[in-house]
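Participant: Got a structure for you, questions after.
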Amino acid sequence: MSEVTPQDDLFSSGESPSVDGSGGADRHASSVYRPLADRLRPRRIEEFAGQVRVVGDSAPLRVAMEKGQAHSCLLWGPPGVGKTTLAGLYAERLQAEIVYMSAVEAGVKELRAVIQSARDRRQSAGRLTVLFLDEIHRFNKTQQDQLLPSVEQGVLVLVGATTENPSFSLNNALLSRLRVYRLQSLDDAAMHALLERALTHPEGVKETTGGLPLVMQPAIANRLVAAADGDARRLLTLLELAAQLAADTEGGEAREVGEETLEALLTQSPRRFDQGGDEFYDQISAMHKAIRGSNPDAGAYWLLRMLDGGADPSYLARRLVRIASEDIGNADPRALTVALDAWTAFDRLGVPEGELMLTQAAMYLAVAPKSNAVYTAHNALLATVRQRGTDPVPMHLRNAPTALMEREGWGKGYRYAHDEPDAYAAGETYLPDGLVGKRFYQPVERGLERSIAERMRYWAELDEQAPDRRRPGKADTASDD
């Protein structure tokens, strides 16, 4: 079992809470270092930053808290939006004992111990237990199933926290017993309000600066907010570091965060990017849709944002190749070559030079004529193959490598296209009898497919006019002699 540490969520407690919720050292002991994020942790729901849809006036969780209505729930959102803090405020409103666990370290044994303690506490003292389970998505099915009876019977109130989409990470049985609250990254207004509170609050940055005010220009404040990227904990961490590095003003009456201090802090990318997580798939989706929508700027933007965030370049190169076939296809066959060449060039040059080739490919794909005719035909053909089973190969299309097979009719009546006018055997068929006449590939009137469509219409006219047109079920068969 692991307790929630100060880094686990927005404004989480400075000490590691004990398993029974009794806590450790005095939270307010001035002799113990407490991070700025801990010092400013909201003690009332009115102080909670952002999340109006969840805890604003008349919002579902806010109403439940004010009425003291207990229910198990899931707090789903990115880091630094207050999941742990919200769980603590919820437990306080319910006058319940709160137990903090991390699914990263806890197992079935620790979980059973907490459940038994909750059961004993309810029977002996009539007191409710709130189990805050951080990173609940890391529990496997067996561990998640262990929670079901206790949640169902009300032995405890489960408040799970996850950064991952619960539709994929939690089993349906548990998810159906939880009310899901979606928490969003804080917007700029909420972040600026939090920054102002940290600068003016008695327990804010003045404790870091020895009582001196901390000042900064609006442009500096804007850059701090942008660097935090909607993560309140990150903002307060950056602000505390800035306060420690800031130089005294000329008169010594304050400390000022200047450009040099800010540059020393912002040495890493501020963007959230979790390879394989929701952010990853959302941004991949955005890149693909931007290119499909013929917007080269947006396509390259999402590509570079993922590269800058640490995405695997090979995965992005593979996706560009996929787009070249799925969304462009034969409207511009060069797109596939461009995507493959960009991938090869990146493999040879590496980072950062090779990133330019990926950008070039993304932009080319975006401005290329679009067609999903190949993709649509592929899916339709695959569905037909799987639905129809094993249709026999028509006799005239079969290979006849032996005299016996030739006598049996293998290959009889086949017309060699190169011996026909325009190298086209008008009236010939090539699909199984049950599919003759069915069209799967429908080229669009864009790019090269415009010419392909015209050629296919010409061939269709030749087929209609062919005197020796082959009919389904009329394939040549072997003679009786």
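Every chain in the structure tokens takes a letter, A first, then B, and so on in the order presented; its residues are numbered from 1, and the ligands are numbered from 1 following the presented order.
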Show which residues sit within 9 Å of Leu245 of chain A, as a list of chain:residue names. Count only C-alpha atoms, and ignore same-chain residues fewer than 6 positions away.

Facilitator: A:Val257, A:Thr261, A:Ala264

Participant: Residues of the last selection are to be written out with N, CA and C atoms, as an mmCIF file, in the first residue's frame.

Facilitator:
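Generated file (out.cif):
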```cif
data_model
loop_
_atom_site.group_PDB
_atom_site.id
_atom_site.type_symbol
_atom_site.label_atom_id
_atom_site.label_comp_id
_atom_site.auth_asym_id
_atom_site.auth_seq_id
_atom_site.Cartn_x
_atom_site.Cartn_y
_atom_site.Cartn_z
ATOM 1 N N VAL A 257 10.714 38.413 -10.470
ATOM 2 C CA VAL A 257 10.968 37.338 -11.429
ATOM 3 C C VAL A 257 11.178 37.980 -12.793
ATOM 4 N N THR A 261 15.469 34.618 -14.835
ATOM 5 C CA THR A 261 14.927 33.625 -13.905
ATOM 6 C C THR A 261 13.985 32.678 -14.639
ATOM 7 N N ALA A 264 15.768 30.177 -16.856
ATOM 8 C CA ALA A 264 16.396 29.118 -16.070
ATOM 9 C C ALA A 264 15.391 28.045 -15.669
#
```

Participant: Could you find all residues in segment 125-268 of chain A that DSSP calls strand (DSSP E) from the backbone, and write them as a PyMOL selection string?

Facilitator: chain A and resi 129-134+157-162+179-182+214-216+247-248+255-257

Participant: May I have the residues from that selection written out with N, CA and C atoms, as a compact mmCIF listing (two decimals), in the first residue's frame?

Facilitator:
```txt
# COMPACT_ATOMS: atom_id res chain seq x y z
N THR A 129 -16.35 5.28 5.67
CA THR A 129 -14.97 5.32 5.18
C THR A 129 -14.97 5.67 3.70
N VAL A 130 -14.15 6.65 3.35
CA VAL A 130 -13.93 6.98 1.94
C VAL A 130 -12.56 6.44 1.55
N LEU A 131 -12.53 5.58 0.56
CA LEU A 131 -11.27 5.07 0.04
C LEU A 131 -10.91 5.85 -1.22
N PHE A 132 -9.84 6.63 -1.13
CA PHE A 132 -9.35 7.33 -2.31
C PHE A 132 -8.29 6.45 -2.95
N LEU A 133 -8.58 5.96 -4.14
CA LEU A 133 -7.68 5.04 -4.84
C LEU A 133 -7.10 5.75 -6.06
N ASP A 134 -5.86 6.19 -5.90
CA ASP A 134 -5.21 6.93 -6.98
C ASP A 134 -4.74 5.97 -8.06
N VAL A 157 -17.10 4.13 0.61
CA VAL A 157 -17.33 4.97 -0.57
C VAL A 157 -16.01 5.03 -1.33
N LEU A 158 -16.04 4.55 -2.55
CA LEU A 158 -14.84 4.55 -3.37
C LEU A 158 -14.77 5.83 -4.20
N VAL A 159 -13.65 6.52 -4.08
CA VAL A 159 -13.36 7.65 -4.95
C VAL A 159 -12.10 7.31 -5.71
N GLY A 160 -12.27 6.89 -6.96
CA GLY A 160 -11.12 6.54 -7.78
C GLY A 160 -10.61 7.76 -8.54
N ALA A 161 -9.34 7.75 -8.85
CA ALA A 161 -8.73 8.83 -9.63
C ALA A 161 -7.96 8.21 -10.78
N THR A 162 -8.13 8.77 -11.97
CA THR A 162 -7.43 8.23 -13.13
C THR A 162 -7.17 9.33 -14.15
N ARG A 179 -20.09 6.85 -10.41
CA ARG A 179 -20.47 8.03 -11.18
C ARG A 179 -19.19 8.71 -11.64
N VAL A 180 -19.07 8.94 -12.93
CA VAL A 180 -17.84 9.48 -13.50
C VAL A 180 -17.93 11.00 -13.59
N TYR A 181 -16.92 11.67 -13.02
CA TYR A 181 -16.81 13.13 -13.11
C TYR A 181 -15.58 13.45 -13.94
N ARG A 182 -15.79 14.14 -15.03
CA ARG A 182 -14.69 14.49 -15.94
C ARG A 182 -14.12 15.84 -15.54
N LEU A 214 6.59 39.11 -4.01
CA LEU A 214 7.17 38.65 -5.27
C LEU A 214 6.44 39.34 -6.41
N VAL A 215 7.19 40.02 -7.28
CA VAL A 215 6.56 40.78 -8.36
C VAL A 215 7.08 40.28 -9.70
N MET A 216 6.27 40.51 -10.74
CA MET A 216 6.66 40.13 -12.11
C MET A 216 5.81 40.92 -13.09
N ALA A 247 15.77 37.62 -7.84
CA ALA A 247 16.69 38.58 -7.21
C ALA A 247 15.90 39.70 -6.54
N ASP A 248 16.50 40.29 -5.50
CA ASP A 248 15.86 41.43 -4.85
C ASP A 248 15.82 42.62 -5.80
N ARG A 255 11.11 40.93 -4.30
CA ARG A 255 11.86 40.11 -5.23
C ARG A 255 11.12 40.12 -6.57
N GLU A 256 11.90 40.11 -7.65
CA GLU A 256 11.28 40.19 -8.97
C GLU A 256 11.70 39.00 -9.84
N VAL A 257 10.71 38.41 -10.47
CA VAL A 257 10.97 37.34 -11.43
C VAL A 257 11.18 37.98 -12.79
```

Participant: Any idea what's packed within 7 Å of Met357 of chain A, counting only C-alpha atoms, ignoring anything in its chain fewer than 6 positions away? Could you give it as a ChimeraX atom specification?

Facilitator: /A:342,345-346

Participant: Store the residues picked out above in a file with N, CA, C and O atoms, as a compact mmCIF listing (two decimals), in the first residue's frame.

Facilitator:
```
# COMPACT_ATOMS: atom_id res chain seq x y z
N ALA A 342 10.00 9.97 -46.73
CA ALA A 342 10.21 10.76 -45.51
C ALA A 342 10.60 9.88 -44.36
O ALA A 342 11.47 10.23 -43.54
N ALA A 345 14.21 8.84 -44.93
CA ALA A 345 15.12 9.97 -44.68
C ALA A 345 15.26 10.22 -43.19
O ALA A 345 16.36 10.52 -42.69
N PHE A 346 14.15 10.10 -42.45
CA PHE A 346 14.24 10.30 -41.00
C PHE A 346 15.13 9.25 -40.37
O PHE A 346 15.95 9.55 -39.49
```

Participant: Within segment 289-383 of chain A, find each residue whose DSSP state, derived from the backbone, is helix (DSSP H, G or I), and express the selection as a ChimeraX atom specification.

Facilitator: /A:289-292,296-309,313-331,334-349,353-367,373-383

Participant: Give me, as a PDB file with all heavy atoms, in the first residue's frame, all polymer residues having an atom no more than 7 Å from Met287 of chain A, counting only C-alpha atoms and skipping those fewer than 5 positions away in the same chain.

Facilitator:
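Result file follows (part-v1.pdb):
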```
ATOM      1  N   GLY A 299      -1.996  20.069 -39.855  1.00  0.00           N
ATOM      2  CA  GLY A 299      -1.393  18.737 -39.896  1.00  0.00           C
ATOM      3  C   GLY A 299       0.034  18.752 -39.369  1.00  0.00           C
ATOM      4  O   GLY A 299       0.435  17.908 -38.564  1.00  0.00           O
ATOM      5  N   TRP A 302       0.224  19.503 -35.387  1.00  0.00           N
ATOM      6  CA  TRP A 302       0.014  18.364 -34.485  1.00  0.00           C
ATOM      7  C   TRP A 302       1.174  17.383 -34.572  1.00  0.00           C
ATOM      8  O   TRP A 302       1.573  16.783 -33.559  1.00  0.00           O
ATOM      9  CB  TRP A 302      -1.311  17.675 -34.803  1.00  0.00           C
ATOM     10  CG  TRP A 302      -2.502  18.514 -34.458  1.00  0.00           C
ATOM     11  CD1 TRP A 302      -3.402  19.077 -35.317  1.00  0.00           C
ATOM     12  CD2 TRP A 302      -2.912  18.922 -33.145  1.00  0.00           C
ATOM     13  NE1 TRP A 302      -4.343  19.798 -34.632  1.00  0.00           N
ATOM     14  CE2 TRP A 302      -4.067  19.722 -33.286  1.00  0.00           C
ATOM     15  CE3 TRP A 302      -2.424  18.680 -31.860  1.00  0.00           C
ATOM     16  CZ2 TRP A 302      -4.733  20.272 -32.211  1.00  0.00           C
ATOM     17  CZ3 TRP A 302      -3.076  19.239 -30.776  1.00  0.00           C
ATOM     18  CH2 TRP A 302      -4.227  20.022 -30.953  1.00  0.00           C
ATOM     19  N   LEU A 303       1.733  17.208 -35.763  1.00  0.00           N
ATOM     20  CA  LEU A 303       2.900  16.349 -35.914  1.00  0.00           C
ATOM     21  C   LEU A 303       4.051  16.852 -35.051  1.00  0.00           C
ATOM     22  O   LEU A 303       4.658  16.096 -34.269  1.00  0.00           O
ATOM     23  CB  LEU A 303       3.315  16.294 -37.382  1.00  0.00           C
ATOM     24  CG  LEU A 303       4.662  15.620 -37.662  1.00  0.00           C
ATOM     25  CD1 LEU A 303       4.540  14.113 -37.490  1.00  0.00           C
ATOM     26  CD2 LEU A 303       5.150  15.950 -39.068  1.00  0.00           C
TER      27      LEU A 303
END
```

Participant: When you look at Leu194 of chain A with a cut-off of 12 Å (counting only C-alpha atoms), what residues show up, excluding the ones that are within fewer than 5 positions of it in the same chain? I need them as number ranges by chain.

Facilitator: A: 10-11, 36-37, 40-42, 47-50, 81, 186-189, 199-201, 204, 221, 224-225, 228, 230-236, 239

Participant: I'd like to know which of A:Gly309, A:Pro296, A:Pro166, A:Gly409 is closest to Ala362 of chain A, using only C-alpha atoms.

Facilitator: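 Residue with the minimum atom-to-atom distance to Ala362 of chain A: A:Pro296.
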
Participant: Counting only C-alpha atoms, what is within 8 Å of segment 116-121 of chain A, bar same-chain residues fewer than 4 positions away, as an MDAnalysis selection string?

Facilitator: chainID A and resid 20 112 125:129 155:156

Participant: Go through A:Arg322, A:Arg93, A:Lys206, A:Arg398 one by one, measure the shortest atom-to-atom distance of each to Pro432 of chain A using only C-alpha atoms, and give the residue with the smallest value.

Facilitator: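 Of A:Arg322, A:Arg93, A:Lys206, A:Arg398, the one nearest Pro432 of chain A, counting only C-alpha atoms, is A:Arg398.
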
Participant: Smallest atom-to-atom distance to Glu66 of chain A: which of A:Ala383, A:Val52, A:Ile45, A:Leu356, using only C-alpha atoms?

Facilitator: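 Among A:Ala383, A:Val52, A:Ile45, A:Leu356, it is A:Ile45 that comes nearest to Glu66 of chain A.
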
Participant: Between A:Thr208, A:Glu454, A:Gly154, A:Glu428, which has the minimum distance to Leu241 of chain A (counting only C-alpha atoms)?

Facilitator: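 Closest to Leu241 of chain A, using only C-alpha atoms: A:Thr208.
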
Participant: So which residues touch Gly447 of chain A within 9 Å, counting only C-alpha atoms, skipping near sequence neighbours fewer than 5 positions away, as a PyMOL selection string?

Facilitator: chain A and resi 330-332+368-371

Participant: So, with only C-alpha atoms as the atoms that count, which of A:Lys109, A:Gly329, A:Ala87, A:Leu404 lies closest to Leu448 of chain A?

Facilitator: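 Comparing A:Lys109, A:Gly329, A:Ala87, A:Leu404 against Leu448 of chain A, the winner is A:Gly329.
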
Participant: Quote the spacing between atom CA of Trp410 of chain A and atom CA of His396 of chain A in Å to one decimal place.

Facilitator: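 Computing the Euclidean distance for atom CA of Trp410 of chain A and atom CA of His396 of chain A yields 6.3 Å.
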
Participant: Give me, please, the distance in Å between atom CA of Gly310 of chain A and atom CA of Val351 of chain A, quoted to one decimal.

Facilitator: 11.3 Å
